[in-house]
>>> print(open('my_file.cif').read())   # mmCIF, C-alpha atoms
data_protein
#
loop_
_atom_site.label_atom_id
_atom_site.label_comp_id
_atom_site.auth_asym_id
_atom_site.auth_seq_id
_atom_site.Cartn_x
_atom_site.Cartn_y
_atom_site.Cartn_z
CA MET A 27 131.22 187.42 147.59
CA SER A 28 133.54 190.41 147.18
CA GLU A 29 132.61 193.80 148.56
CA LYS A 30 131.14 196.44 146.28
CA THR A 31 132.82 199.86 146.20
CA ILE A 32 131.29 202.94 144.57
CA LEU A 33 133.37 206.03 143.85
CA VAL A 34 131.43 209.27 144.41
CA TRP A 35 132.85 212.01 142.20
CA PHE A 36 132.05 215.33 143.85
CA ARG A 37 131.89 218.36 141.57
CA ASN A 38 129.31 221.10 142.19
CA ASP A 39 127.53 219.15 144.93
CA LEU A 40 129.78 219.75 147.93
CA ARG A 41 127.36 218.70 150.65
CA ILE A 42 126.16 215.83 152.83
CA HIS A 43 122.47 216.80 153.07
CA ASP A 44 120.07 216.14 150.17
CA ASN A 45 122.82 214.54 148.10
CA GLU A 46 121.35 211.67 146.12
CA ILE A 47 124.61 210.25 144.79
CA LEU A 48 126.03 209.98 148.28
CA LEU A 49 122.91 208.37 149.75
CA GLU A 50 122.53 205.93 146.83
CA ALA A 51 126.19 204.95 147.05
CA VAL A 52 125.81 204.22 150.76
CA ARG A 53 122.70 202.14 150.08
CA LYS A 54 124.08 200.19 147.11
CA ALA A 55 127.70 199.62 148.13
CA ASP A 56 129.61 198.15 151.02
CA LYS A 57 132.14 200.97 150.81
CA VAL A 58 132.07 204.47 149.35
CA LEU A 59 135.08 206.33 147.98
CA PRO A 60 134.46 210.12 147.96
CA VAL A 61 136.75 212.03 145.56
CA TYR A 62 137.25 215.66 144.56
CA CYS A 63 139.58 216.72 141.73
CA PHE A 64 140.98 220.21 141.29
CA ASP A 65 141.05 220.22 137.50
CA PRO A 66 143.92 222.39 136.11
CA TYR A 67 141.65 223.23 133.16
CA TYR A 68 139.75 225.70 135.35
CA PHE A 69 142.91 227.40 136.60
CA GLN A 70 144.61 227.91 133.27
CA ARG A 71 145.49 231.35 131.95
CA THR A 72 143.55 232.83 129.06
CA PRO A 73 145.32 234.69 126.21
CA SER A 74 144.57 237.93 128.09
CA GLY A 75 146.40 236.65 131.16
CA ALA A 76 143.26 236.16 133.26
CA THR A 77 142.19 232.90 134.87
CA LYS A 78 138.90 231.10 134.46
CA ILE A 79 138.60 231.08 138.26
CA GLY A 80 139.71 234.20 140.10
CA ASN A 81 141.21 234.19 143.58
CA PHE A 82 138.01 235.07 145.48
CA ARG A 83 136.08 232.23 143.85
CA ALA A 84 139.02 229.85 144.24
CA ARG A 85 139.29 230.66 147.96
CA PHE A 86 135.58 230.01 148.42
CA LEU A 87 135.94 226.68 146.58
CA LEU A 88 138.89 225.62 148.72
CA GLU A 89 136.92 226.42 151.86
CA ALA A 90 133.95 224.42 150.55
CA VAL A 91 136.07 221.35 149.78
CA ALA A 92 137.78 221.58 153.17
CA ASP A 93 134.37 221.74 154.87
CA LEU A 94 133.15 218.75 152.87
CA ARG A 95 136.16 216.73 154.03
CA LYS A 96 135.52 217.73 157.64
CA ASN A 97 131.83 216.80 157.40
CA LEU A 98 132.59 213.45 155.75
CA GLN A 99 135.03 212.68 158.53
CA ALA A 100 132.25 213.29 161.04
CA TYR A 101 130.35 210.46 159.33
CA GLY A 102 133.33 208.11 159.51
CA ALA A 103 134.48 208.75 155.92
CA GLU A 104 137.35 210.51 154.19
CA LEU A 105 137.58 212.68 151.07
CA ILE A 106 140.33 211.96 148.58
CA ILE A 107 141.65 215.21 147.09
CA ARG A 108 143.71 215.30 143.93
CA ILE A 109 145.01 217.94 141.51
CA GLY A 110 144.76 216.78 137.90
CA ASN A 111 142.58 215.77 135.00
CA PRO A 112 139.59 213.75 136.31
CA ALA A 113 139.75 211.55 133.20
CA GLU A 114 143.18 210.39 134.40
CA ILE A 115 142.74 210.57 138.18
CA LEU A 116 139.41 208.73 138.51
CA PRO A 117 140.42 205.62 136.52
CA GLN A 118 143.64 205.41 138.57
CA LEU A 119 141.71 205.55 141.84
CA ALA A 120 139.11 203.13 140.50
CA GLU A 121 141.83 200.60 139.80
CA GLN A 122 143.66 201.21 143.07
CA TYR A 123 140.55 200.76 145.23
CA GLN A 124 138.84 198.11 143.06
CA VAL A 125 135.85 200.35 142.36
CA ASN A 126 132.76 198.77 140.79
CA GLU A 127 130.95 201.91 139.68
CA VAL A 128 131.30 205.71 139.65
CA TYR A 129 128.49 208.15 140.55
CA HIS A 130 128.26 211.82 139.70
CA HIS A 131 125.73 214.60 139.13
CA ARG A 132 125.10 215.48 135.50
CA GLU A 133 126.07 218.97 134.29
CA VAL A 134 124.60 220.91 131.36
CA ALA A 135 127.17 223.48 130.16
CA TYR A 136 129.40 222.25 127.37
CA GLU A 137 132.76 222.47 129.17
CA GLU A 138 131.48 220.48 132.15
CA THR A 139 129.70 217.90 129.98
CA ASP A 140 132.83 217.49 127.87
CA ILE A 141 134.82 216.64 131.01
CA SER A 142 132.13 214.13 132.00
CA GLU A 143 132.34 212.51 128.56
CA GLN A 144 136.12 212.20 128.85
CA VAL A 145 135.76 210.53 132.24
CA GLU A 146 133.02 208.24 130.96
CA ALA A 147 135.16 207.17 127.98
CA ALA A 148 138.17 206.49 130.21
CA LEU A 149 136.10 204.44 132.65
CA TRP A 150 134.41 202.53 129.85
CA LYS A 151 137.82 201.26 128.73
CA MET A 152 138.00 199.64 132.17
CA ARG A 153 134.44 198.34 131.77
CA LEU A 154 133.25 200.64 134.53
CA ASN A 155 130.01 202.58 134.40
CA LEU A 156 129.69 206.31 135.11
CA LYS A 157 126.17 206.67 136.49
CA HIS A 158 124.55 210.08 136.03
CA PHE A 159 122.22 211.69 138.58
CA ILE A 160 120.20 214.89 138.39
CA GLY A 161 120.61 216.99 141.50
CA HIS A 162 121.20 220.64 140.60
CA THR A 163 117.65 221.81 139.91
CA LEU A 164 114.62 222.60 142.02
CA TYR A 165 112.31 220.60 139.74
CA HIS A 166 113.46 217.21 138.52
CA LYS A 167 113.34 217.00 134.73
CA GLU A 168 111.20 213.87 134.93
CA ASP A 169 108.55 215.87 136.80
CA LEU A 170 108.28 218.70 134.29
CA PRO A 171 104.95 219.03 132.44
CA PHE A 172 106.80 218.85 129.10
CA PRO A 173 109.81 217.03 127.62
CA ILE A 174 113.08 218.96 127.52
CA LYS A 175 112.76 219.60 123.78
CA ASP A 176 109.39 221.29 124.30
CA ILE A 177 110.28 223.51 127.27
CA PRO A 178 108.93 227.02 126.60
CA ASP A 179 111.67 229.52 125.74
CA SER A 180 109.65 232.18 127.55
CA PHE A 181 110.44 232.28 131.25
CA ALA A 182 106.95 233.55 132.07
CA VAL A 183 105.32 230.57 130.31
CA PHE A 184 107.84 228.15 131.83
CA LYS A 185 107.15 229.50 135.34
CA LYS A 186 103.37 229.38 134.95
CA LYS A 187 103.24 225.80 133.68
CA VAL A 188 105.82 224.42 136.10
CA GLU A 189 104.22 225.97 139.16
CA ARG A 190 100.77 224.80 138.06
CA ASP A 191 101.57 221.27 136.92
CA SER A 192 104.74 220.16 138.75
CA ASN A 193 105.77 219.44 142.31
CA VAL A 194 109.11 219.75 144.06
CA ARG A 195 110.35 216.42 145.33
CA PRO A 196 111.24 216.01 149.01
CA GLY A 197 114.92 216.13 149.81
CA VAL A 198 116.69 212.80 150.25
CA SER A 199 117.74 211.71 153.71
CA THR A 200 121.24 212.00 155.11
CA PRO A 201 123.27 208.80 155.64
CA ASP A 202 123.77 207.71 159.24
CA HIS A 203 127.28 206.51 158.54
CA ILE A 204 129.62 206.33 155.53
CA THR A 205 132.14 203.51 155.27
CA THR A 206 135.20 204.09 153.10
CA PRO A 207 137.99 201.70 152.11
CA GLU A 208 141.29 202.02 153.93
CA ILE A 209 142.72 205.12 152.27
CA THR A 210 146.49 205.25 152.11
CA ASP A 211 146.84 208.77 150.70
CA ALA A 212 143.87 211.11 151.06
CA GLY A 213 145.82 214.04 149.63
CA GLU A 214 146.28 217.57 150.90
CA LEU A 215 144.07 220.52 150.09
CA PRO A 216 146.03 222.67 147.64
CA THR A 217 146.92 226.26 148.39
CA LEU A 218 145.93 229.15 146.16
CA GLN A 219 149.58 229.49 145.21
CA GLN A 220 149.67 225.86 144.05
CA LEU A 221 146.68 226.68 141.84
CA GLY A 222 148.55 229.65 140.38
CA LEU A 223 146.65 232.35 142.29
CA ASP A 224 147.45 235.01 144.85
CA GLU A 225 145.69 235.28 148.20
CA PRO A 226 142.80 237.76 147.86
CA VAL A 227 142.80 240.89 150.01
CA ASP A 228 139.50 241.52 151.77
CA ASP A 229 138.29 245.09 151.28
CA PRO A 230 137.10 246.68 154.56
CA ARG A 231 134.28 248.40 152.66
CA ALA A 232 132.64 245.04 151.93
CA THR A 233 129.42 244.37 153.83
CA ASN A 234 129.42 240.64 153.01
CA TYR A 235 131.93 237.89 153.57
CA PHE A 236 131.22 234.45 152.14
CA GLN A 237 132.76 231.44 153.86
CA GLY A 238 132.72 228.39 151.62
CA GLY A 239 131.17 225.13 152.77
CA GLU A 240 127.92 223.41 153.72
CA THR A 241 128.31 224.45 157.35
CA ALA A 242 128.31 228.16 156.45
CA ALA A 243 125.50 227.62 153.92
CA LEU A 244 123.19 226.17 156.56
CA VAL A 245 124.05 229.04 158.90
CA GLN A 246 123.14 231.56 156.19
CA LEU A 247 119.89 229.75 155.37
CA HIS A 248 118.87 229.77 159.02
CA LYS A 249 119.96 233.39 159.43
CA TYR A 250 117.90 234.56 156.48
CA PHE A 251 114.68 233.06 157.82
CA SER A 252 115.30 233.57 161.52
CA GLN A 253 115.75 237.33 161.45
CA SER A 254 112.84 239.37 162.74
CA GLU A 255 111.00 241.63 160.32
CA GLN A 256 112.58 244.62 162.01
CA SER A 257 116.11 243.31 161.65
CA VAL A 258 115.82 242.66 157.92
CA LYS A 259 115.02 246.28 157.27
CA PRO A 260 118.12 247.96 155.80
CA LYS A 261 120.19 249.61 158.50
CA ASN A 262 121.57 252.15 156.07
CA ALA A 263 120.95 253.37 152.59
CA ARG A 264 123.71 251.24 151.09
CA SER A 265 121.93 248.08 152.28
CA ILE A 266 118.96 248.89 150.04
CA ILE A 267 121.13 248.17 147.01
CA ALA A 268 121.31 244.51 148.11
CA ASN A 269 117.51 244.27 147.94
CA ASN A 270 117.38 241.97 150.98
CA SER A 271 118.84 239.16 148.92
CA SER A 272 119.25 235.80 150.64
CA LYS A 273 122.87 235.80 149.42
CA LEU A 274 122.71 232.01 149.13
CA SER A 275 123.91 232.03 145.51
CA PRO A 276 127.62 231.30 146.23
CA TRP A 277 126.70 228.13 148.14
CA LEU A 278 124.09 227.10 145.57
CA ALA A 279 126.67 227.53 142.81
CA VAL A 280 128.98 224.81 144.15
CA GLY A 281 126.22 222.75 145.73
CA CYS A 282 126.97 223.37 149.41
CA ILE A 283 123.20 223.54 149.70
CA SER A 284 120.57 222.22 147.29
CA PRO A 285 117.72 224.21 145.69
CA ARG A 286 115.25 221.72 147.17
CA GLN A 287 116.57 222.27 150.66
CA VAL A 288 116.12 226.03 150.21
CA TYR A 289 112.63 225.51 148.76
CA TRP A 290 111.37 223.43 151.67
CA GLU A 291 112.69 226.05 154.05
CA ILE A 292 110.77 228.63 152.01
CA PHE A 293 107.68 226.43 152.30
CA LYS A 294 107.83 226.72 156.08
CA HIS A 295 107.63 230.50 155.86
CA THR A 296 104.97 231.12 153.24
CA GLN A 297 102.46 232.34 155.83
CA ASP A 298 104.65 234.52 158.06
CA SER A 299 106.19 237.95 157.77
CA PHE A 300 108.77 236.57 155.36
CA ALA A 301 106.16 235.67 152.74
CA GLN A 302 107.35 238.33 150.30
CA ASN A 303 111.03 237.48 150.76
CA ALA A 304 110.22 233.78 150.43
CA SER A 305 108.37 234.46 147.18
CA MET A 306 111.36 236.36 145.77
CA LEU A 307 113.74 233.59 146.77
CA LYS A 308 111.57 230.99 145.06
CA LEU A 309 111.58 233.15 141.92
CA GLU A 310 115.38 233.17 141.98
CA LEU A 311 115.39 229.36 142.19
CA LEU A 312 113.02 229.16 139.21
CA TRP A 313 115.32 231.37 137.15
CA ARG A 314 118.21 229.05 137.97
CA ASP A 315 116.14 226.07 136.79
CA TYR A 316 115.07 227.90 133.64
CA PHE A 317 118.62 228.65 132.52
CA ARG A 318 119.80 225.10 133.23
CA PHE A 319 116.92 223.63 131.24
CA MET A 320 117.56 226.08 128.41
CA PHE A 321 121.15 224.80 128.22
CA LYS A 322 119.83 221.25 128.23
CA LYS A 323 117.37 222.07 125.45
CA HIS A 324 119.55 224.21 123.18
CA GLY A 325 123.08 223.22 124.13
CA GLN A 326 125.82 225.69 123.27
CA LYS A 327 123.54 227.26 120.64
CA PHE A 328 121.68 228.94 123.48
CA ILE A 329 124.52 231.43 123.93
CA LYS A 330 125.84 231.74 120.36
CA THR A 331 125.43 234.84 118.23
CA GLU A 332 126.01 235.42 114.54
CA THR A 333 129.20 237.31 113.70
CA THR A 334 129.07 239.75 110.81
CA GLU A 335 131.82 241.82 109.20
CA GLU A 336 130.23 244.96 110.64
CA SER A 337 130.08 243.54 114.16
CA THR A 338 133.71 242.41 113.91
CA GLN A 339 134.79 245.93 113.00
CA ILE A 340 132.82 247.40 115.91
CA LEU A 341 134.28 244.93 118.39
CA ALA A 342 137.81 245.64 117.16
CA THR A 343 137.46 249.32 118.10
CA ASN A 344 136.22 248.94 121.65
CA GLU A 345 139.06 247.13 123.44
CA LEU A 346 139.81 250.30 125.38
CA ASP A 347 136.13 250.71 126.30
CA PHE A 348 135.96 247.12 127.55
CA ASN A 349 139.02 247.60 129.74
CA LYS A 350 137.57 250.81 131.18
CA TRP A 351 134.35 248.92 131.95
CA ALA A 352 136.21 246.03 133.57
CA HIS A 353 138.35 248.30 135.73
CA GLY A 354 135.52 250.65 136.69
CA ASP A 355 136.90 253.60 134.76
CA THR A 356 133.97 254.49 132.49
CA GLY A 357 133.32 257.85 134.11
CA ILE A 358 129.77 256.83 135.00
CA PRO A 359 129.79 256.75 138.83
CA PHE A 360 127.26 253.97 139.38
CA ILE A 361 128.75 251.65 136.74
CA ASP A 362 132.24 252.23 138.10
CA ALA A 363 131.12 251.66 141.70
CA CYS A 364 129.56 248.31 140.77
CA MET A 365 132.69 247.15 138.97
CA HIS A 366 134.94 248.31 141.81
CA GLU A 367 132.86 246.30 144.27
CA LEU A 368 132.95 243.25 141.99
CA ASN A 369 136.72 243.42 141.59
CA ALA A 370 137.28 244.02 145.30
CA THR A 371 134.93 241.37 146.68
CA GLY A 372 133.84 238.90 143.99
CA TYR A 373 130.19 239.76 144.55
CA ILE A 374 127.61 242.35 143.47
CA CYS A 375 123.83 242.30 143.70
CA ASN A 376 121.64 241.20 140.81
CA GLN A 377 120.52 244.71 139.90
CA CYS A 378 124.14 245.84 139.58
CA ARG A 379 124.92 242.84 137.38
CA GLN A 380 122.02 243.58 135.06
CA ILE A 381 122.90 247.26 134.77
CA VAL A 382 126.63 246.85 134.11
CA ALA A 383 125.90 244.07 131.61
CA SER A 384 123.31 246.19 129.82
CA TYR A 385 125.75 249.10 129.69
CA LEU A 386 128.52 246.96 128.20
CA VAL A 387 126.23 245.42 125.58
CA HIS A 388 123.94 248.29 124.60
CA GLU A 389 126.01 251.40 125.27
CA LEU A 390 129.54 250.22 124.52
CA HIS A 391 128.40 247.64 121.90
CA ALA A 392 130.98 245.22 123.23
CA ASP A 393 130.97 241.45 122.74
CA TRP A 394 128.68 240.21 125.52
CA THR A 395 130.59 236.93 125.78
CA ARG A 396 133.65 238.87 127.00
CA GLY A 397 131.54 240.31 129.80
CA ALA A 398 130.27 236.85 130.66
CA ALA A 399 133.83 235.51 130.72
CA TYR A 400 134.89 238.37 132.99
CA PHE A 401 132.07 237.55 135.40
CA GLU A 402 133.10 233.88 135.23
CA GLU A 403 136.52 234.81 136.58
CA LYS A 404 135.37 237.30 139.20
CA LEU A 405 132.08 236.09 140.68
CA ILE A 406 132.18 233.93 143.79
CA ASP A 407 128.73 232.60 142.87
CA TYR A 408 129.56 231.83 139.23
CA SER A 409 127.37 229.11 137.78
CA PRO A 410 127.70 228.39 134.02
CA ALA A 411 124.01 228.25 133.13
CA SER A 412 122.96 231.23 135.24
CA ASN A 413 125.89 233.42 134.25
CA TRP A 414 125.92 232.78 130.52
CA GLY A 415 122.15 232.52 130.39
CA ASN A 416 121.70 235.90 132.09
CA TRP A 417 124.21 237.57 129.78
CA ALA A 418 122.51 236.06 126.74
CA PHE A 419 119.21 237.34 128.11
CA VAL A 420 120.61 240.87 128.48
CA ALA A 421 122.04 240.71 124.95
CA GLY A 422 118.75 239.53 123.47
CA VAL A 423 120.29 236.34 122.05
CA ASN A 424 117.89 233.92 120.34
CA ASP A 425 115.06 236.45 120.47
CA ALA A 426 115.24 236.65 124.26
CA LYS A 427 113.58 239.71 125.69
CA GLU A 428 116.34 242.22 126.41
CA SER A 429 116.84 243.31 129.99
CA LYS A 430 115.43 246.77 130.68
CA TYR A 431 117.37 247.40 133.88
CA THR A 432 118.61 250.97 134.26
CA ILE A 433 120.16 252.84 137.14
CA ALA A 434 116.77 254.46 137.69
CA THR A 435 115.30 251.08 138.70
CA LEU A 436 117.30 251.26 141.93
CA GLN A 437 115.44 253.34 144.48
CA PRO A 438 115.68 255.42 146.56
CA LYS A 439 118.25 257.85 145.20
CA ASP A 440 120.04 258.23 148.52
CA ALA A 441 120.92 254.54 148.38
CA ILE A 442 122.57 255.02 145.01
CA SER A 443 124.48 258.05 146.27
CA ASP A 444 125.72 256.23 149.36
CA PHE A 445 126.70 253.17 147.35
CA VAL A 446 128.61 255.27 144.82
CA ASN A 447 130.38 257.25 147.54
CA THR A 448 131.48 253.99 149.14
CA TRP A 449 132.77 252.30 145.98
CA GLN A 450 133.82 255.22 143.76
CA HIS A 451 137.47 254.36 144.37
CA ALA A 452 138.97 251.20 142.93
CA ASN A 453 141.35 250.21 145.69
CA ILE A 454 142.54 250.82 149.22
CA ASP A 455 146.06 251.34 150.48
CA GLU A 456 147.78 249.29 153.20
CA ALA A 457 146.34 251.56 155.89
CA GLY A 458 142.81 250.85 154.64
CA ASN A 459 142.38 254.29 153.09
CA MET A 460 140.52 254.60 149.83
CA VAL A 461 142.61 255.66 146.85
CA HIS A 462 141.73 256.45 143.27
CA ALA A 463 142.10 253.83 140.56
#
>>> encode(input="my_file.cif", output="C-alpha cells")
Amino acid sequence: MSEKTILVWFRNDLRIHDNEILLEAVRKADKVLPVYCFDPYYFQRTPSGATKIGNFRARFLLEAVADLRKNLQAYGAELIIRIGNPAEILPQLAEQYQVNEVYHHREVAYEETDISEQVEAALWKMRLNLKHFIGHTLYHKEDLPFPIKDIPDSFAVFKKKVERDSNVRPGVSTPDHITTPEITDAGELPTLQQLGLDEPVDDPRATNYFQGGETAALVQLHKYFSQSEQSVKPKNARSIIANNSSKLSPWLAVGCISPRQVYWEIFKHTQDSFAQNASMLKLELLWRDYFRFMFKKHGQKFIKTETTEESTQILATNELDFNKWAHGDTGIPFIDACMHELNATGYICNQCRQIVASYLVHELHADWTRGAAYFEEKLIDYSPASNWGNWAFVAGVNDAKESKYTIATLQPKDAISDFVNTWQHANIDEAGNMVHA
C-alpha cells in the first residue's frame, strides 16, 4: 500500500501548538507537507500607490513564517516557502509530492474565501480534496447556542448567550514528531525588497516592538500573566494610554497563538490579582469571535453601505481632509499624535483606533471604507473581520450602535498630554531628533 501524504496549507495559523490541521495531518497521513505561499495579491499596489500590506506588517509576517520554519525543523519537518498564486503553487506541489489531500483553516472575509475557492477548484481538477477546518475562533461554531444564520447582531446579546450556553473546547495536543517527504527545494524566505517594500525604520519613541512568530507570542503570553501587580502599573503617564493591553493582537492576527490557548491561560488566572485584566482579555477575544461570525452570517453585506448622490458629492470634496487625517496633519493634537504613532510603528491602542476612526467618519464625513483600507495597510495586527467589523461598527453600518469614543474617555489628562507631546511630530531625523511633519 502506498504512503499517504497530506499537504498542510498554512495561512493565518502560523503555529505548532493548538493547530488542528497539523495534528490531524500527522494522525491521518504517513507524511506531511507544510507549505506557505506569499501571495502577490496582498503586495500589489492600489490606485493610490499604497500596498495592501505595509512594511511593518510585512516584516512581522516574514518573522512569523521564519519562526514557523524553525519550529517545524525542531520537530523533524520542513516548511516549503513559495512566492505566487496559491491556486497555481499548491496543485504543482501536490503533483510533485504525490499529495492525497490538502488541509487548511477556513477564512470568512471575501478576499480570503475567494482565494480558497480558487485553490479548491484547481485541486478538484486533479481530483484532490481541500478539507476545511475551523481554528480561528475562541468558540467553535458547532458549539454555539444558535445556528450561524440566527446569531444575534447585538454584541451584548451574543456575549450573554454564548457565555451562558457554550463552552470553549480544550486545545489540541502538539505532535511529537512530524515526518515530511524528501524535499528537494524548500525555498528561501523572501526579502521585503522582493515583495516590493522598503525596510521599516523603527522609531525610538516607540514603547513596543513586536517580533513575529509563535516563539515571541508565547513569551508575550507568559510575560503578561507573570508580571506582578506592581509591575503592571504604568511606569509613566504615557503607558496609561495603552490601558494595560495584553498586546497579543499581532500574534493572534496571523495565528502565531490561538484564541483558545490564550483563553485557557486566562482561566488559570481568574482568581488572582490579574482577574480584572483576564476579564478584559476575554472580552477582547469575544469581540474577535463576534466580528468573524458576523462576516460568516452576513458575508460582504456586513460592511456595505448605500451610496447616494449626496454622499458621493460629500466624499468628492474631502480628499484633502482624508490625506490630512492619514498623515496626522488635522491640527487636532491627539488625533495627529495617534496617526503619527500608527505611521511610525504600525500599532496604536484600541482607544486611539476608535477615536481616530470616529473623527474621520463623523467629523470629516469621509468614506469609512477608506479608513479601514488605510488601517489594513498600516496595522501590524490587521485581521479582516476585526478591522472591517470595527470600522463598520464605528460608522453605524447595518444599524450597528455607533461608537461613542471621544478623547475625553482617555483619563487622566496628564496621560493625554504626555502622549501628545511624544507623538506630536510625524518623523525623526537620522540623529533620532523629532522633526515636524
>>> resolve_selection(input="my_file.cif", expression="the PyMOL selection byres ((chain A and resi 373) around 8)", output="PyMOL selection string")
chain A and resi 367-368+371-372+374-375+404-407
>>> resolve_selection(input="my_file.cif", expression="the PyMOL selection byres ((chain A and resi 186-200) around 6)", output="list in words")
His43, Asp44, Tyr165, Leu170, Val183, Phe184, Lys185 and Pro201 of chain A
>>> resolve_selection(input="my_file.cif", expression="the PyMOL selection byres ((chain A and resi 357-366) around 9)", output="ChimeraX atom specification")
/A:350-356,367-371,374-375,378-379,381-382,385,433,442-443,445-453
>>> atom_distance(input="my_file.cif", atom1="atom CA of Ala421 of chain A", atom2="atom CA of Val387 of chain A")
6.3 Å
>>> atom_distance(input="my_file.cif", atom1="atom CA of Gly161 of chain A", atom2="atom CA of Glu240 of chain A")
15.6 Å
>>> atom_distance(input="my_file.cif", atom1="atom CA of His391 of chain A", atom2="atom CA of Ala279 of chain A")
29.1 Å
>>> closest_residue(input="my_file.cif", among="A:Leu94, A:Leu223, A:Val52, A:Leu309", to="Val280 of chain A", atoms="all atoms listed in the file")
A:Leu94
>>> closest_residue(input="my_file.cif", among="A:Tyr408, A:Phe348, A:Phe64, A:Tyr250", to="Pro216 of chain A", atoms="all atoms listed in the file")
A:Phe64
